[in-house]
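Engineer: Please find start_18.cif (mmCIF, C-alpha atoms and all ligand atoms) on the next line:
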data_final
#
loop_
_atom_site.label_atom_id
_atom_site.label_comp_id
_atom_site.auth_asym_id
_atom_site.auth_seq_id
_atom_site.Cartn_x
_atom_site.Cartn_y
_atom_site.Cartn_z
CA MET A 1 41.86 -4.68 -3.80
CA ASP A 2 42.89 -3.98 -0.26
CA CYS A 3 39.82 -3.81 1.95
CA LYS A 4 39.95 -3.57 5.71
CA PRO A 5 38.42 -1.52 8.51
CA ILE A 6 39.63 2.06 8.53
CA THR A 7 40.86 3.39 11.85
CA SER A 8 42.62 6.58 10.83
CA LEU A 9 42.50 9.12 8.05
CA ALA A 10 46.12 8.43 7.16
CA GLU A 11 45.20 4.95 6.03
CA LEU A 12 43.00 6.37 3.30
CA ASP A 13 45.96 7.53 1.28
CA CYS A 14 47.06 4.06 0.26
CA LEU A 15 43.69 2.40 -0.32
CA GLN A 16 41.54 2.15 -3.42
CA SER A 17 38.52 1.13 -1.35
CA ALA A 18 37.82 0.51 2.29
CA TYR A 19 35.24 -0.64 4.79
CA LEU A 20 33.88 1.55 7.52
CA PRO A 21 33.80 -0.10 10.98
CA HIS A 22 30.15 -1.10 10.46
CA GLY A 23 30.98 -2.81 7.18
CA GLU A 24 29.96 -0.27 4.61
CA LEU A 25 32.10 -0.17 1.48
CA VAL A 26 33.31 3.28 0.54
CA GLU A 27 35.58 4.82 -2.03
CA PRO A 28 37.99 7.00 -0.06
CA ARG A 29 38.77 9.51 -2.77
CA LYS A 30 35.15 10.09 -3.79
CA ALA A 31 33.15 9.49 -0.64
CA ALA A 32 35.55 11.41 1.53
CA MET A 33 35.50 10.57 5.21
CA GLN A 34 36.41 12.37 8.37
CA LEU A 35 36.61 11.64 12.05
CA SER A 36 33.34 12.30 13.84
CA VAL A 37 33.02 15.80 15.22
CA ARG A 38 30.90 14.47 18.07
CA GLY A 39 33.79 12.98 19.97
CA ARG A 40 33.21 9.40 18.99
CA ASN A 41 36.26 7.78 17.47
CA ILE A 42 34.53 6.62 14.31
CA LEU A 43 34.80 7.61 10.71
CA THR A 44 31.88 9.31 9.08
CA GLN A 45 30.85 9.42 5.47
CA LEU A 46 30.67 12.74 3.70
CA HIS A 47 28.30 13.31 0.81
CA ARG A 48 28.43 16.37 -1.37
CA GLY A 49 25.95 17.84 -3.77
CA SER A 50 24.82 20.98 -5.53
CA CYS A 51 22.20 22.56 -7.72
CA LEU A 52 22.61 22.58 -11.49
CA CYS A 53 24.26 25.99 -11.76
CA GLY A 54 26.52 25.40 -8.75
CA ARG A 55 25.54 28.46 -6.71
CA VAL A 56 24.19 26.21 -3.96
CA HIS A 57 26.47 23.52 -2.54
CA PHE A 58 25.98 21.25 0.44
CA GLU A 59 27.87 18.63 2.38
CA THR A 60 26.33 16.05 4.69
CA ARG A 61 27.98 14.01 7.42
CA GLY A 62 26.98 10.49 8.30
CA LYS A 63 25.05 7.64 6.79
CA LEU A 64 22.02 8.74 4.81
CA ARG A 65 18.55 7.26 4.90
CA GLY A 66 17.30 5.25 1.92
CA ILE A 67 15.50 7.20 -0.77
CA VAL A 68 11.78 7.81 -0.35
CA TYR A 69 9.90 8.53 -3.54
CA CYS A 70 6.97 10.85 -2.95
CA HIS A 71 4.25 10.85 -5.59
CA CYS A 72 1.98 13.47 -3.99
CA SER A 73 0.53 16.24 -6.11
CA GLN A 74 2.72 18.91 -4.50
CA CYS A 75 5.94 17.03 -5.30
CA ARG A 76 4.67 16.28 -8.79
CA LYS A 77 3.82 19.87 -9.57
CA GLN A 78 6.98 21.34 -8.11
CA SER A 79 9.44 18.87 -9.60
CA GLY A 80 7.64 18.08 -12.81
CA HIS A 81 7.62 14.39 -11.86
CA PHE A 82 8.05 13.04 -8.32
CA TYR A 83 10.36 13.55 -5.38
CA ALA A 84 13.27 11.24 -4.58
CA ALA A 85 14.80 12.29 -1.28
CA THR A 86 16.90 11.20 1.63
CA ASN A 87 17.15 13.22 4.82
CA VAL A 88 19.77 14.44 7.25
CA GLN A 89 19.84 16.02 10.71
CA ASP A 90 19.99 19.80 10.64
CA ASP A 91 23.36 19.79 12.39
CA SER A 92 24.81 17.27 9.94
CA ILE A 93 24.53 19.38 6.82
CA ASP A 94 26.45 22.46 5.75
CA ILE A 95 24.97 24.55 2.98
CA SER A 96 26.90 27.19 1.06
CA GLY A 97 25.27 29.77 -1.16
CA GLU A 98 22.14 29.82 1.00
CA GLU A 99 21.35 33.30 -0.29
CA ASN A 100 20.60 31.65 -3.62
CA ILE A 101 17.88 29.43 -2.18
CA SER A 102 14.22 30.36 -2.52
CA TRP A 103 11.92 28.77 0.07
CA TYR A 104 8.38 28.18 -1.10
CA GLU A 105 5.86 27.73 1.72
CA ALA A 106 3.89 24.91 0.17
CA SER A 107 1.82 24.31 3.30
CA GLU A 108 1.61 25.52 6.87
CA PHE A 109 3.83 22.57 7.81
CA ALA A 110 6.63 22.63 5.30
CA ARG A 111 8.59 24.65 2.81
CA ARG A 112 10.46 23.65 -0.31
CA GLY A 113 13.89 25.02 -1.16
CA PHE A 114 15.13 25.49 -4.70
CA CYS A 115 17.89 27.44 -6.39
CA LYS A 116 16.52 30.81 -7.45
CA ASN A 117 19.01 30.96 -10.33
CA CYS A 118 18.71 27.56 -12.02
CA GLY A 119 15.50 26.24 -10.45
CA SER A 120 16.95 22.99 -9.11
CA VAL A 121 14.76 21.44 -6.42
CA LEU A 122 17.02 20.79 -3.44
CA PHE A 123 15.38 20.65 -0.01
CA TRP A 124 12.15 19.95 1.82
CA LYS A 125 11.83 21.16 5.40
CA HIS A 126 9.11 20.41 7.96
CA LYS A 127 8.85 23.29 10.43
CA ASP A 128 8.67 21.09 13.54
CA LEU A 129 11.42 18.59 12.73
CA ASP A 130 15.16 18.85 13.24
CA TYR A 131 16.08 17.27 9.95
CA ILE A 132 15.87 18.26 6.32
CA SER A 133 15.03 16.25 3.22
CA VAL A 134 17.60 16.48 0.45
CA MET A 135 16.88 15.53 -3.15
CA ALA A 136 18.68 12.39 -4.24
CA GLY A 137 19.49 13.73 -7.68
CA SER A 138 21.42 16.68 -6.29
CA PHE A 139 24.16 14.49 -4.81
CA ASP A 140 27.45 14.11 -6.60
CA GLN A 141 27.95 10.63 -8.01
CA PRO A 142 28.45 7.94 -6.92
CA SER A 143 26.00 8.72 -4.13
CA GLY A 144 25.69 5.18 -2.77
CA LEU A 145 22.01 5.93 -2.15
CA GLN A 146 19.34 3.28 -2.64
CA GLY A 147 15.55 3.34 -2.90
CA GLU A 148 13.53 2.56 0.22
CA SER A 149 9.82 3.14 -0.39
CA HIS A 150 7.11 4.96 -2.33
CA ILE A 151 4.61 7.20 -0.57
CA PHE A 152 1.39 8.90 -1.68
CA VAL A 153 1.11 6.48 -4.57
CA GLU A 154 -2.66 7.11 -4.68
CA ASP A 155 -1.85 10.63 -5.87
CA LYS A 156 0.74 9.67 -8.45
CA GLY A 157 0.61 10.96 -12.01
CA ASP A 158 -1.31 8.84 -14.50
CA TYR A 159 1.48 8.83 -17.07
CA TYR A 160 3.91 6.31 -15.48
CA ARG A 161 3.97 3.02 -13.59
CA ILE A 162 5.83 2.02 -10.44
CA ASP A 163 7.44 -1.28 -11.34
CA ASP A 164 9.91 -1.98 -8.54
CA ASP A 165 9.40 -4.16 -5.45
CA LEU A 166 9.82 -1.44 -2.84
CA PRO A 167 7.05 -0.89 -0.25
CA LYS A 168 4.26 1.33 -1.53
CA TYR A 169 2.02 3.41 0.69
CA ALA A 170 -1.23 5.06 -0.37
CA LYS A 171 -0.39 8.06 1.79
CA SER A 172 2.51 8.55 4.16
CA GLY A 173 4.05 5.40 5.54
CA GLY A 174 7.06 3.60 6.87
CA GLY A 175 7.71 6.24 9.50
CA VAL A 176 8.17 8.92 6.86
CA VAL A 177 6.96 12.30 8.08
CA VAL A 178 5.47 14.50 5.39
CA ALA A 179 3.60 17.76 5.30
CA ALA A 180 0.26 16.05 4.73
CA ASP A 181 0.46 14.28 8.12
CA GLY A 182 -2.06 15.87 10.44
CA GLN A 183 -4.16 17.13 7.56
CA ASP A 184 -6.15 13.93 7.08
ZN ZN B 201 21.52 26.77 -9.10
ZN ZN B 202 5.26 14.71 -1.85
#
Take the structure in this file and express it as structure tokens.
Ligand SMILES: [Zn+2]
Ligand SMILES: [Zn+2]
Structural biologist:
Amino acid sequence: MDCKPITSLAELDCLQSAYLPHGELVEPRKAAMQLSVRGRNILTQLHRGSCLCGRVHFETRGKLRGIVYCHCSQCRKQSGHFYAATNVQDDSIDISGEENISWYEASEFARRGFCKNCGSVLFWKHKDLDYISVMAGSFDQPSGLQGESHIFVEDKGDYYRIDDDLPKYAKSGGGVVVAADGQD
């Protein structure tokens, strides 16, 4: 396997795998990359995803945050289990088929976006923040995403256990901003 830092898009053609300048392993043909649109001469990861029926597609640019699992009652009721989400700056995501998204105002702070055709839970958006949470399961595979922490574990459903070693917070924690912040 030929692995070396990538400095131009042309190099991707002849590689099976490659390292970004900061050392992250990527698969060129699946995790497509592009030169940064912000003028910095670096390569940026692209991640793509969609809802189940395919009417809503999205593409994110840049490295994604680790997955935060939210066990609050709102996430449980809406998803049928619990949330697993990363997030991305508003200007680093392109969404197509937005007319197919229903936004449910779950609180005065945040709304939850899902496909109105197939019901897939896709997005969580705080009204005062310039980034959007994106559900981990909606990303095309391999996503390269990894778990980071559990929040609102005191509200979790009584029908499962959390058995991993990730940090667990009774409410919000680890710098994760959620709708319940400010309500306590
Ligand atoms: Zn759909
Ligand atoms: Zn939640």
Engineer: Residues contacting ligand ZN 202 (chain B) - anything with an atom at most 10 Å away, using all atoms listed in the file - can you give me those as a count of residues only?
Structural biologist: 28
Engineer: List the spatial neighbours of stretch 111-117 of chain A as a PyMOL selection string - criterion: any atom at most 8 Å away, only C-alpha atoms, same-chain residues fewer than 2 positions off excluded.
Structural biologist: chain A and resi 51+53+55-56+100-107+109+119-127
Engineer: Please give the centre and size of the box around stretch 100-104 of chain A (axis-aligned, containing every atom listed in the file, 4 Å added per side), with values in Å to one decimal and written as JSON.
Structural biologist:
{"center_x": 14.5, "center_y": 29.9, "center_z": -1.8, "size_x": 20.2, "size_y": 11.5, "size_z": 11.7}
Engineer: Neighbouring residues of A:Leu64 were defined as those with any atom within 7 Å, considering all atoms listed in the file; residues of the same chain fewer than 6 positions away were excluded. Please report them as a JSON list (two decimals) with C-alpha atoms, keeping the file's coordinate frame.
Structural biologist:
[["chain", "number", "residue", "atom", "x", "y", "z"],
["A", 86, "THR", "CA", 16.90, 11.20, 1.63],
["A", 87, "ASN", "CA", 17.15, 13.22, 4.82],
["A", 88, "VAL", "CA", 19.77, 14.44, 7.25]]
Engineer: Given only C-alpha atoms and all ligand atoms as the basis, pick out the residue of A:Leu46, A:Leu166, A:Cys118, A:Ile93 nearest to ligand ZN 201 (chain B).
Structural biologist: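 Among A:Leu46, A:Leu166, A:Cys118, A:Ile93, it is A:Cys118 that comes nearest to ligand ZN 201 (chain B).
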Engineer: Could you tell me how far atom CA of A:Ser50 sits from atom CA of A:His81, in Å to one decimal place?
Structural biologist: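 Pair atom CA of A:His81 / atom CA of A:Ser50 returns 19.5 Å.
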Engineer: Can you tell me how far atom CA of A:Asp128 sits from atom CA of A:Ser92, in Å to one decimal?
Structural biologist: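 These atoms are spaced 17.0 Å apart.
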